[in-house]
>>> print(open('run21.cif').read())   # mmCIF, C-alpha atoms and all ligand atoms
data_protein
#
loop_
_atom_site.label_atom_id
_atom_site.label_comp_id
_atom_site.auth_asym_id
_atom_site.auth_seq_id
_atom_site.Cartn_x
_atom_site.Cartn_y
_atom_site.Cartn_z
CA MET N 1 -31.60 -78.15 -12.22
CA SER N 2 -30.67 -80.67 -14.82
CA GLU N 3 -29.83 -80.50 -18.46
CA LYS N 4 -28.93 -82.74 -21.35
CA CYS N 5 -25.57 -84.44 -21.03
CA ASN N 6 -23.15 -83.74 -23.86
CA LEU N 7 -22.07 -87.37 -23.95
CA CYS N 8 -25.12 -89.53 -23.39
CA GLY N 9 -27.89 -87.03 -24.07
CA THR N 10 -29.95 -87.94 -21.02
CA LYS N 11 -31.24 -85.30 -18.69
CA SER N 12 -29.26 -86.21 -15.63
CA ALA N 13 -26.45 -83.75 -15.91
CA GLU N 14 -25.72 -80.62 -13.97
CA PRO N 15 -25.81 -77.46 -16.08
CA ALA N 16 -22.78 -77.27 -18.36
CA VAL N 17 -20.16 -74.63 -17.64
CA THR N 18 -18.36 -73.09 -20.59
CA ARG N 19 -14.59 -72.80 -20.19
CA GLY N 20 -13.02 -71.16 -23.23
CA ASP N 21 -13.97 -73.40 -26.12
CA SER N 22 -14.55 -76.31 -23.75
CA ILE N 23 -17.56 -77.44 -21.77
CA GLU N 24 -17.42 -78.86 -18.27
CA GLN N 25 -20.24 -81.07 -17.14
CA ASN N 26 -21.11 -83.55 -14.44
CA CYS N 27 -23.47 -86.30 -15.51
CA GLY N 28 -24.97 -88.87 -13.18
CA CYS N 29 -24.08 -91.61 -15.59
CA CYS N 30 -21.01 -90.36 -17.50
CA GLY N 31 -19.17 -88.68 -14.63
CA HIS N 32 -17.33 -85.36 -14.44
CA PHE N 33 -15.69 -84.32 -17.69
CA LEU N 34 -14.34 -81.37 -19.67
CA ILE N 35 -14.80 -81.75 -23.40
CA THR N 36 -13.16 -79.47 -25.93
CA GLY N 37 -15.23 -77.94 -28.73
CA SER N 38 -13.34 -79.84 -31.40
CA ALA N 39 -13.70 -83.13 -29.51
CA ALA N 40 -17.45 -82.57 -29.22
CA ALA N 41 -17.59 -81.92 -32.97
CA VAL N 42 -15.63 -85.08 -33.77
CA LEU N 43 -17.80 -87.08 -31.39
CA GLU N 44 -20.93 -86.19 -33.34
CA HIS N 45 -19.54 -87.99 -36.34
CA ILE N 46 -18.45 -91.24 -34.80
CA ASP N 47 -20.80 -94.02 -34.08
CA GLY N 48 -20.54 -97.38 -32.52
CA PRO N 49 -22.14 -99.23 -29.65
CA ASP N 50 -19.01 -99.10 -27.55
CA ILE N 51 -17.97 -95.49 -27.97
CA LEU N 52 -20.12 -94.20 -25.13
CA ARG N 53 -19.19 -97.06 -22.79
CA LYS N 54 -15.50 -96.48 -23.42
CA LEU N 55 -15.83 -92.74 -22.92
CA ARG N 56 -17.69 -93.20 -19.65
CA GLY N 57 -15.18 -95.71 -18.41
CA TYR N 58 -12.43 -93.28 -19.37
CA VAL N 59 -14.13 -90.40 -17.56
CA TRP N 60 -14.81 -92.34 -14.37
CA SER N 61 -11.30 -93.67 -14.16
CA ASN N 62 -9.61 -90.36 -14.98
CA ALA N 63 -11.66 -87.76 -13.12
CA THR N 64 -10.51 -86.89 -9.62
CA PRO N 65 -12.69 -85.25 -6.97
CA ASP N 66 -11.42 -81.80 -7.90
CA LYS N 67 -10.58 -82.27 -11.57
CA PRO N 68 -12.78 -83.39 -14.46
CA ALA N 69 -11.45 -85.91 -16.99
CA LEU N 70 -10.33 -84.11 -20.13
CA ILE N 71 -11.81 -85.29 -23.40
CA ASP N 72 -9.97 -83.85 -26.37
CA THR N 73 -9.70 -84.96 -29.97
CA SER N 74 -6.88 -87.38 -29.22
CA THR N 75 -9.06 -89.07 -26.59
CA ILE N 76 -11.80 -89.54 -29.17
CA GLU N 77 -9.44 -90.69 -31.92
CA ASN N 78 -7.94 -93.28 -29.63
CA LEU N 79 -11.28 -94.75 -28.52
CA PRO N 80 -11.46 -97.37 -31.26
CA LYS N 81 -8.06 -98.74 -30.15
CA TRP N 82 -9.07 -99.23 -26.53
CA SER N 83 -10.67 -102.42 -25.44
CA ILE N 84 -13.57 -102.73 -23.04
CA PRO N 85 -12.40 -104.59 -19.92
CA THR N 86 -13.44 -108.23 -19.71
CA VAL N 87 -16.49 -109.30 -17.69
CA SER N 88 -14.39 -110.39 -14.72
CA GLU N 89 -12.43 -107.15 -14.82
CA ARG N 90 -15.67 -105.20 -14.86
CA ALA N 91 -17.00 -107.22 -11.94
CA GLU N 92 -13.82 -106.33 -10.10
CA ILE N 93 -14.31 -102.64 -10.87
CA LEU N 94 -17.81 -102.94 -9.40
CA LEU N 95 -16.48 -104.68 -6.31
CA ARG N 96 -13.95 -101.90 -5.69
CA GLU N 97 -16.58 -99.24 -6.16
CA ILE N 98 -18.86 -100.88 -3.59
CA TYR N 99 -15.89 -101.15 -1.24
CA LYS N 100 -15.18 -97.44 -1.70
CA ARG N 101 -18.75 -96.53 -0.82
CA THR N 102 -19.07 -98.82 2.15
CA SER N 103 -19.22 -96.47 5.12
CA TYR N 104 -19.18 -99.18 7.77
CA LEU N 105 -18.49 -102.91 7.71
CA GLY N 106 -21.35 -104.82 6.19
CA ALA N 107 -23.06 -101.68 4.85
CA LYS N 108 -25.35 -102.17 1.88
CA VAL N 109 -24.70 -100.07 -1.20
CA ASN N 110 -27.50 -99.58 -3.71
CA ILE N 111 -25.95 -100.36 -7.07
CA ASN N 112 -29.13 -99.56 -8.91
CA GLU N 113 -27.86 -96.01 -9.38
CA ARG N 114 -27.00 -94.63 -12.79
CA ASP N 115 -23.35 -93.92 -12.08
CA PHE N 116 -22.69 -97.64 -11.68
CA VAL N 117 -23.64 -98.10 -15.33
CA GLY N 118 -20.89 -95.72 -16.45
CA ILE N 119 -18.29 -96.89 -13.95
CA THR N 120 -18.60 -100.56 -14.97
CA TYR N 121 -18.57 -99.97 -18.75
CA SER N 122 -22.17 -101.15 -18.93
CA HIS N 123 -24.96 -100.36 -21.35
CA ALA N 124 -27.71 -100.52 -18.75
CA ASP N 125 -28.70 -101.41 -15.19
CA ALA N 126 -29.25 -105.04 -16.14
CA GLU N 127 -25.54 -105.42 -16.85
CA VAL N 128 -24.60 -103.96 -13.48
CA GLN N 129 -26.92 -106.46 -11.87
CA PHE N 130 -25.31 -109.24 -13.88
CA LEU N 131 -21.85 -108.15 -12.72
CA SER N 132 -23.05 -108.17 -9.12
CA GLU N 133 -24.24 -111.74 -9.66
CA VAL N 134 -20.77 -112.65 -10.93
CA LEU N 135 -19.43 -111.35 -7.61
CA GLU N 136 -22.15 -113.15 -5.66
CA ALA N 137 -21.28 -116.43 -7.35
CA LYS N 138 -17.70 -115.98 -6.19
CA GLY N 139 -18.88 -115.34 -2.63
CA LEU N 140 -17.58 -111.77 -2.66
CA VAL N 141 -20.92 -110.02 -2.08
CA THR N 142 -24.44 -110.66 -0.91
CA ILE N 143 -27.36 -109.13 -2.76
CA ALA N 144 -30.59 -108.13 -1.02
CA ARG N 145 -33.11 -107.97 -3.82
CA THR N 146 -35.79 -105.40 -2.98
CA ALA N 147 -38.16 -103.54 -5.25
CA GLY N 148 -36.43 -100.77 -7.17
CA GLU N 149 -33.17 -101.11 -5.30
CA LEU N 150 -30.29 -103.49 -5.45
CA PRO N 151 -28.48 -103.25 -2.13
CA VAL N 152 -25.20 -105.11 -2.25
CA ALA N 153 -22.84 -105.72 0.66
CA LEU N 154 -19.33 -107.09 0.67
CA THR N 155 -18.78 -110.41 2.41
CA ALA N 156 -15.72 -111.09 4.53
CA THR N 157 -14.16 -112.71 1.46
CA GLY N 158 -15.03 -109.61 -0.54
CA TYR N 159 -13.17 -107.36 1.90
CA SER N 160 -10.11 -109.56 1.89
CA PHE N 161 -10.13 -109.75 -1.89
CA VAL N 162 -10.16 -105.97 -2.30
CA GLU N 163 -7.55 -105.41 0.36
CA GLU N 164 -5.20 -108.08 -0.91
CA HIS N 165 -5.51 -106.89 -4.47
CA LYS N 166 -5.35 -103.21 -3.75
CA ARG N 167 -4.24 -101.28 -6.77
CA ASN N 168 -3.95 -104.34 -8.86
CA LEU N 169 -7.00 -103.53 -10.90
CA ILE N 170 -6.33 -105.96 -13.67
CA THR N 171 -4.26 -108.96 -12.75
CA ASP N 172 -2.13 -111.35 -14.83
CA GLY N 173 0.68 -108.95 -15.62
CA ALA N 174 -1.42 -106.57 -17.68
CA THR N 175 -0.36 -103.49 -15.77
CA ALA N 176 2.52 -101.13 -16.41
CA PHE N 177 3.84 -99.16 -13.48
CA VAL N 178 4.66 -95.53 -14.20
CA ALA N 179 7.36 -93.92 -12.08
CA MET N 180 7.49 -90.19 -12.60
CA TRP N 181 7.51 -86.75 -11.07
CA PHE N 182 4.14 -85.55 -9.78
CA ASN N 183 4.04 -82.03 -10.99
CA ASP N 184 1.95 -79.91 -13.36
CA GLN N 185 4.98 -79.64 -15.64
CA VAL N 186 4.73 -83.29 -16.58
CA ASP N 187 0.99 -83.88 -16.19
CA GLU N 188 0.47 -83.62 -19.92
CA ALA N 189 3.46 -85.86 -20.55
CA TYR N 190 1.69 -88.51 -18.52
CA ARG N 191 -1.76 -87.99 -19.95
CA ILE N 192 -0.96 -87.53 -23.62
CA GLY N 193 2.33 -89.40 -23.84
CA ILE N 194 2.91 -92.20 -21.36
CA LYS N 195 -0.61 -93.23 -20.49
CA GLU N 196 -1.81 -93.25 -24.09
CA ALA N 197 1.20 -95.22 -25.31
CA ILE N 198 0.76 -97.85 -22.61
CA GLN N 199 -2.97 -98.17 -23.22
CA ASN N 200 -2.46 -98.42 -26.96
CA CYS N 201 -0.30 -101.45 -26.38
CA GLY N 202 -3.07 -103.09 -24.36
CA TYR N 203 -1.68 -102.51 -20.85
CA LEU N 204 -3.16 -100.64 -17.96
CA PRO N 205 -1.03 -97.78 -16.68
CA VAL N 206 -0.72 -97.61 -12.90
CA ARG N 207 0.44 -94.40 -11.31
CA ILE N 208 0.15 -94.02 -7.59
CA ASP N 209 0.00 -90.31 -7.10
CA GLU N 210 -1.92 -89.97 -3.89
CA ILE N 211 0.94 -91.55 -2.09
CA ALA N 212 3.71 -89.76 -3.89
CA HIS N 213 2.66 -86.57 -2.13
CA ALA N 214 3.84 -88.08 1.07
CA GLU N 215 7.15 -88.81 -0.69
CA LYS N 216 7.34 -92.27 0.67
CA ILE N 217 7.74 -95.59 -1.01
CA ASP N 218 5.31 -97.85 0.73
CA ASP N 219 4.14 -101.41 0.31
CA MET N 220 1.44 -100.44 -2.11
CA ILE N 221 3.96 -99.02 -4.55
CA LEU N 222 6.29 -101.96 -4.21
CA ARG N 223 3.47 -104.38 -4.75
CA ALA N 224 2.25 -102.49 -7.82
CA ILE N 225 5.78 -102.70 -9.26
CA ARG N 226 6.02 -106.41 -8.50
CA GLU N 227 2.70 -107.06 -10.22
CA SER N 228 3.46 -105.00 -13.31
CA ALA N 229 4.65 -106.38 -16.63
CA PHE N 230 7.12 -103.53 -17.00
CA VAL N 231 7.91 -100.07 -15.64
CA VAL N 232 8.06 -96.77 -17.48
CA ALA N 233 10.34 -94.36 -15.62
CA ASP N 234 10.34 -90.74 -16.68
CA LEU N 235 13.36 -89.01 -15.24
CA THR N 236 12.22 -85.45 -15.92
CA GLY N 237 12.62 -83.50 -12.70
CA HIS N 238 15.05 -86.13 -11.36
CA ARG N 239 13.02 -87.24 -8.37
CA GLY N 240 14.66 -89.66 -5.99
CA GLY N 241 11.52 -91.77 -5.81
CA VAL N 242 11.58 -92.37 -9.56
CA TYR N 243 15.15 -93.69 -9.46
CA PHE N 244 14.29 -95.81 -6.45
CA GLU N 245 11.23 -97.38 -8.07
CA ALA N 246 13.07 -98.05 -11.33
CA GLY N 247 15.95 -99.60 -9.40
CA TYR N 248 13.58 -101.83 -7.47
CA ALA N 249 12.01 -103.00 -10.75
CA LEU N 250 15.45 -103.73 -12.25
CA ALA N 251 16.37 -105.76 -9.20
CA LEU N 252 13.25 -107.86 -9.77
CA GLY N 253 14.25 -108.39 -13.38
CA LYS N 254 11.41 -106.23 -14.73
CA PRO N 255 12.01 -104.36 -17.96
CA VAL N 256 12.35 -100.61 -17.35
CA ILE N 257 11.74 -98.16 -20.17
CA TRP N 258 13.45 -94.88 -19.44
CA THR N 259 12.22 -91.55 -20.76
CA CYS N 260 13.33 -87.98 -20.09
CA ARG N 261 12.51 -84.53 -21.40
CA ASN N 262 15.36 -83.12 -23.51
CA THR N 263 15.86 -80.15 -21.16
CA ASP N 264 16.59 -82.52 -18.28
CA PHE N 265 18.52 -85.08 -20.27
CA LYS N 266 22.00 -83.87 -19.45
CA HIS N 267 21.33 -84.23 -15.73
CA ILE N 268 20.50 -87.93 -15.86
CA HIS N 269 22.14 -89.69 -13.00
CA PHE N 270 25.46 -91.27 -13.90
CA ASP N 271 24.36 -94.80 -12.94
CA VAL N 272 21.56 -94.97 -15.47
CA ARG N 273 23.34 -93.40 -18.44
CA GLN N 274 24.13 -96.84 -19.76
CA TYR N 275 20.43 -97.42 -20.41
CA ASN N 276 18.83 -96.45 -23.66
CA CYS N 277 16.66 -93.51 -22.64
CA ILE N 278 13.94 -92.01 -24.82
CA LYS N 279 14.61 -88.30 -25.14
CA TRP N 280 11.47 -86.27 -25.81
CA SER N 281 10.65 -82.60 -26.31
CA THR N 282 6.88 -82.65 -26.82
CA GLU N 283 4.18 -84.86 -25.37
CA SER N 284 3.25 -86.19 -28.79
CA GLU N 285 6.88 -87.06 -29.50
CA LEU N 286 6.98 -88.91 -26.18
CA PHE N 287 3.83 -90.78 -27.15
CA THR N 288 5.15 -91.84 -30.57
CA LYS N 289 8.59 -92.88 -29.38
CA LEU N 290 7.32 -94.71 -26.32
CA GLU N 291 4.63 -96.54 -28.24
CA ASP N 292 7.22 -97.66 -30.81
CA ARG N 293 9.54 -98.86 -28.07
CA LEU N 294 6.79 -100.74 -26.24
CA ILE N 295 5.59 -102.43 -29.40
CA SER N 296 9.10 -103.49 -30.34
CA LEU N 297 9.72 -104.84 -26.83
CA PHE N 298 6.40 -106.43 -25.95
CA GLY N 299 4.13 -106.23 -28.99
CA LYS N 300 0.50 -105.34 -28.56
CA ARG N 301 -1.18 -107.28 -25.82
CA ASP N 302 -4.30 -109.04 -26.96
CA LYS N 303 -6.78 -108.68 -24.13
CA ASN N 304 -9.01 -111.41 -25.38
ZN ZN V 401 -24.11 -88.51 -19.57
#
>>> encode(input="run21.cif", output="structure tokens")
Amino acid sequence: MSEKCNLCGTKSAEPAVTRGDSIEQNCGCCGHFLITGSAAAVLEHIDGPDILRKLRGYVWSNATPDKPALIDTSTIENLPKWSIPTVSERAEILLREIYKRTSYLGAKVNINERDFVGITYSHADAEVQFLSEVLEAKGLVTIARTAGELPVALTATGYSFVEEHKRNLITDGATAFVAMWFNDQVDEAYRIGIKEAIQNCGYLPVRIDEIAHAEKIDDMILRAIRESAFVVADLTGHRGGVYFEAGYALALGKPVIWTCRNTDFKHIHFDVRQYNCIKWSTESELFTKLEDRLISLFGKRDKN
């Protein structure tokens, strides 16, 4: 039961499911995505060696176990502005993926599987192998080269590396921590507005939602804030955690960019009224205003 993937065209995908004018598909290489009809039409007319790699990377990093990554026309239009992560960043993505799939200490994970190509922004298996060799050279993994398979296991150093750098996917101050309400009402504001604006400026947005459900501020969040270049705090919904995280960032001397939906604006807590807060009514307005603010504050970060 396989059919042609709408992104890469290979026959490794599960049958597509039509949802309104969109198509949902799960491809062994590209991941789980939902592409709108108009996005699929636009995609047919853009070319470039990196388009597919960027899309796959986008899908793998945005899909969750129960939700496909949404590809709409704005995703496609923004592709040329995104940069492919550097080789060491890609090696780190590979390391984390192996860590995730390690069921017991020292377990070998076969990275000669097609999904690793998509996850690591690679063109082909050979690149995944190369990235594993980058990790091997750093003493983070061992590679057992056997015919047809490429079983890779984390070394003790590899485990410590992943655990010490948890959540800090890309180091050297390239991340932007996003403090906001976790609710369907602002999901689009994150996806279309905040995340896009941050990415367009060359930073990696970090939002720690799994933990927010537990409503606790733990070490992982604090560390992610400490490691970020700046924090975007959206006050819509007026969650205590958002004020706390923004306050923690301010105390560390990190720039905090405040945003709030116009309907919630009048309820902004007294203590933060002195800050210049971006008032938005639509997700695209949030995107435009935030991107402008970020560019004027930090400029566009050149990843290379
Ligand atoms: Zn595919």
>>> residues_around(input="run21.cif", residues="range 33-41 of chain N", least_positions_apart="3", cutoff="10 Å", atoms="all atoms listed in the file", output="VMD selection string")
chain N and resid 6 to 7 16 to 27 30 44 to 46 55 to 56 58 to 60 62 to 64 67 to 77
>>> residues_around(input="run21.cif", residues="range 150-153 of chain N", least_positions_apart="5", cutoff="9 Å", atoms="all atoms listed in the file", output="list in words")
Ile98, Tyr99, Thr102, Leu105, Gly106, Ala107, Lys108, Val109, Asn110, Ile111, Asn112, Glu113, Gln129, Ser132, Leu140, Val141, Thr142, Ile143, Ala144, Arg145 and Gly158 of chain N
>>> atom_distance(input="run21.cif", atom1="CA of Asn78 in chain N", atom2="CA of Glu188 in chain N")
16.1 Å
>>> atom_distance(input="run21.cif", atom1="CA of Asn183 in chain N", atom2="CA of Phe270 in chain N")
23.5 Å
>>> residues_around(input="run21.cif", residues="Asp115 in chain N", least_positions_apart="4", cutoff="7 Å", atoms="all atoms listed in the file", output="ChimeraX atom specification")
/N:28-30,119
>>> closest_residue(input="run21.cif", among="N:Lys54, N:Gly118, N:Glu283, N:Pro49", to="ligand ZN 401 (chain V)", atoms="all atoms listed in the file")
N:Gly118
>>> closest_residue(input="run21.cif", among="N:Leu52, N:Ala91, N:Ala224, N:Cys260", to="ligand ZN 401 (chain V)", atoms="all atoms listed in the file")
N:Leu52
>>> residues_around(input="run21.cif", residues="Phe161 in chain N", least_positions_apart="6", cutoff="10 Å", atoms="all atoms listed in the file", output="list in words")
Glu92, Leu95, Arg96, Leu140, Leu154 and Thr155 of chain N
>>> residues_near_point(input="run21.cif", point="(1.2, -92.3, -26.1)", cutoff="9 Å", atoms="only C-alpha atoms", output="list in words")
Ala189, Tyr190, Arg191, Ile192, Gly193, Ile194, Lys195, Glu196, Ala197, Ile198, Gln199, Asn200, Glu283, Ser284, Glu285, Leu286, Phe287, Thr288, Lys289, Leu290 and Glu291 of chain N
>>> write_last_selection(input="run21.cif", atoms="C-alpha atoms", output="PDB file, in the coordinates of the input")
ATOM      1  CA  ALA N 189       3.460 -85.860 -20.550  1.00  0.00           C
ATOM      2  CA  TYR N 190       1.690 -88.510 -18.520  1.00  0.00           C
ATOM      3  CA  ARG N 191      -1.760 -87.990 -19.950  1.00  0.00           C
ATOM      4  CA  ILE N 192      -0.960 -87.530 -23.620  1.00  0.00           C
ATOM      5  CA  GLY N 193       2.330 -89.400 -23.840  1.00  0.00           C
ATOM      6  CA  ILE N 194       2.910 -92.200 -21.360  1.00  0.00           C
ATOM      7  CA  LYS N 195      -0.610 -93.230 -20.490  1.00  0.00           C
ATOM      8  CA  GLU N 196      -1.810 -93.250 -24.090  1.00  0.00           C
ATOM      9  CA  ALA N 197       1.200 -95.220 -25.310  1.00  0.00           C
ATOM     10  CA  ILE N 198       0.760 -97.850 -22.610  1.00  0.00           C
ATOM     11  CA  GLN N 199      -2.970 -98.170 -23.220  1.00  0.00           C
ATOM     12  CA  ASN N 200      -2.460 -98.420 -26.960  1.00  0.00           C
ATOM     13  CA  GLU N 283       4.180 -84.860 -25.370  1.00  0.00           C
ATOM     14  CA  SER N 284       3.250 -86.190 -28.790  1.00  0.00           C
ATOM     15  CA  GLU N 285       6.880 -87.060 -29.500  1.00  0.00           C
ATOM     16  CA  LEU N 286       6.980 -88.910 -26.180  1.00  0.00           C
ATOM     17  CA  PHE N 287       3.830 -90.780 -27.150  1.00  0.00           C
ATOM     18  CA  THR N 288       5.150 -91.840 -30.570  1.00  0.00           C
ATOM     19  CA  LYS N 289       8.590 -92.880 -29.380  1.00  0.00           C
ATOM     20  CA  LEU N 290       7.320 -94.710 -26.320  1.00  0.00           C
ATOM     21  CA  GLU N 291       4.630 -96.540 -28.240  1.00  0.00           C
TER      22      GLU N 291
END
>>> closest_residue(input="run21.cif", among="N:Glu89, N:Gly148, N:Phe116, N:Ser103", to="Val134 in chain N", atoms="all atoms listed in the file")
N:Glu89
>>> closest_residue(input="run21.cif", among="N:Val178, N:Leu204, N:Leu252, N:Cys8", to="ligand ZN 401 (chain V)", atoms="all atoms listed in the file")
N:Cys8
>>> decode(input="run21.cif", residues="range 228-267 of chain N", atoms="C-alpha atoms", output="PDB file, in the first residue's frame")
ATOM      1  CA  SER N 228      18.486  32.493  23.525  1.00  0.00           C
ATOM      2  CA  ALA N 229      19.478  35.712  21.802  1.00  0.00           C
ATOM      3  CA  PHE N 230      16.148  37.290  22.685  1.00  0.00           C
ATOM      4  CA  VAL N 231      12.645  36.397  23.835  1.00  0.00           C
ATOM      5  CA  VAL N 232       9.338  37.023  22.105  1.00  0.00           C
ATOM      6  CA  ALA N 233       6.542  37.163  24.674  1.00  0.00           C
ATOM      7  CA  ASP N 234       2.982  37.136  23.428  1.00  0.00           C
ATOM      8  CA  LEU N 235       0.674  38.227  26.196  1.00  0.00           C
ATOM      9  CA  THR N 236      -2.568  37.108  24.562  1.00  0.00           C
ATOM     10  CA  GLY N 237      -4.476  35.055  27.114  1.00  0.00           C
ATOM     11  CA  HIS N 238      -2.404  36.578  29.946  1.00  0.00           C
ATOM     12  CA  ARG N 239      -0.796  33.390  31.192  1.00  0.00           C
ATOM     13  CA  GLY N 240       1.267  33.628  34.333  1.00  0.00           C
ATOM     14  CA  GLY N 241       4.026  31.513  32.804  1.00  0.00           C
ATOM     15  CA  VAL N 242       4.495  33.997  29.966  1.00  0.00           C
ATOM     16  CA  TYR N 243       4.996  36.905  32.361  1.00  0.00           C
ATOM     17  CA  PHE N 244       7.342  34.782  34.449  1.00  0.00           C
ATOM     18  CA  GLU N 245       9.497  33.747  31.491  1.00  0.00           C
ATOM     19  CA  ALA N 246       9.659  37.287  30.129  1.00  0.00           C
ATOM     20  CA  GLY N 247      10.594  38.586  33.574  1.00  0.00           C
ATOM     21  CA  TYR N 248      13.335  36.007  33.903  1.00  0.00           C
ATOM     22  CA  ALA N 249      14.729  37.063  30.508  1.00  0.00           C
ATOM     23  CA  LEU N 250      14.651  40.745  31.501  1.00  0.00           C
ATOM     24  CA  ALA N 251      16.508  39.953  34.692  1.00  0.00           C
ATOM     25  CA  LEU N 252      19.225  38.315  32.588  1.00  0.00           C
ATOM     26  CA  GLY N 253      19.432  41.409  30.422  1.00  0.00           C
ATOM     27  CA  LYS N 254      17.908  39.672  27.387  1.00  0.00           C
ATOM     28  CA  PRO N 255      15.860  41.771  24.998  1.00  0.00           C
ATOM     29  CA  VAL N 256      12.153  40.940  25.255  1.00  0.00           C
ATOM     30  CA  ILE N 257       9.820  41.763  22.392  1.00  0.00           C
ATOM     31  CA  TRP N 258       6.261  41.991  23.625  1.00  0.00           C
ATOM     32  CA  THR N 259       3.253  41.249  21.459  1.00  0.00           C
ATOM     33  CA  CYS N 260      -0.456  41.006  22.251  1.00  0.00           C
ATOM     34  CA  ARG N 261      -3.684  40.542  20.329  1.00  0.00           C
ATOM     35  CA  ASN N 262      -5.733  43.755  20.236  1.00  0.00           C
ATOM     36  CA  THR N 263      -8.679  42.130  22.048  1.00  0.00           C
ATOM     37  CA  ASP N 264      -6.446  41.354  25.028  1.00  0.00           C
ATOM     38  CA  PHE N 265      -4.424  44.531  24.928  1.00  0.00           C
ATOM     39  CA  LYS N 266      -6.346  46.456  27.555  1.00  0.00           C
ATOM     40  CA  HIS N 267      -5.751  43.709  30.106  1.00  0.00           C
TER      41      HIS N 267
END
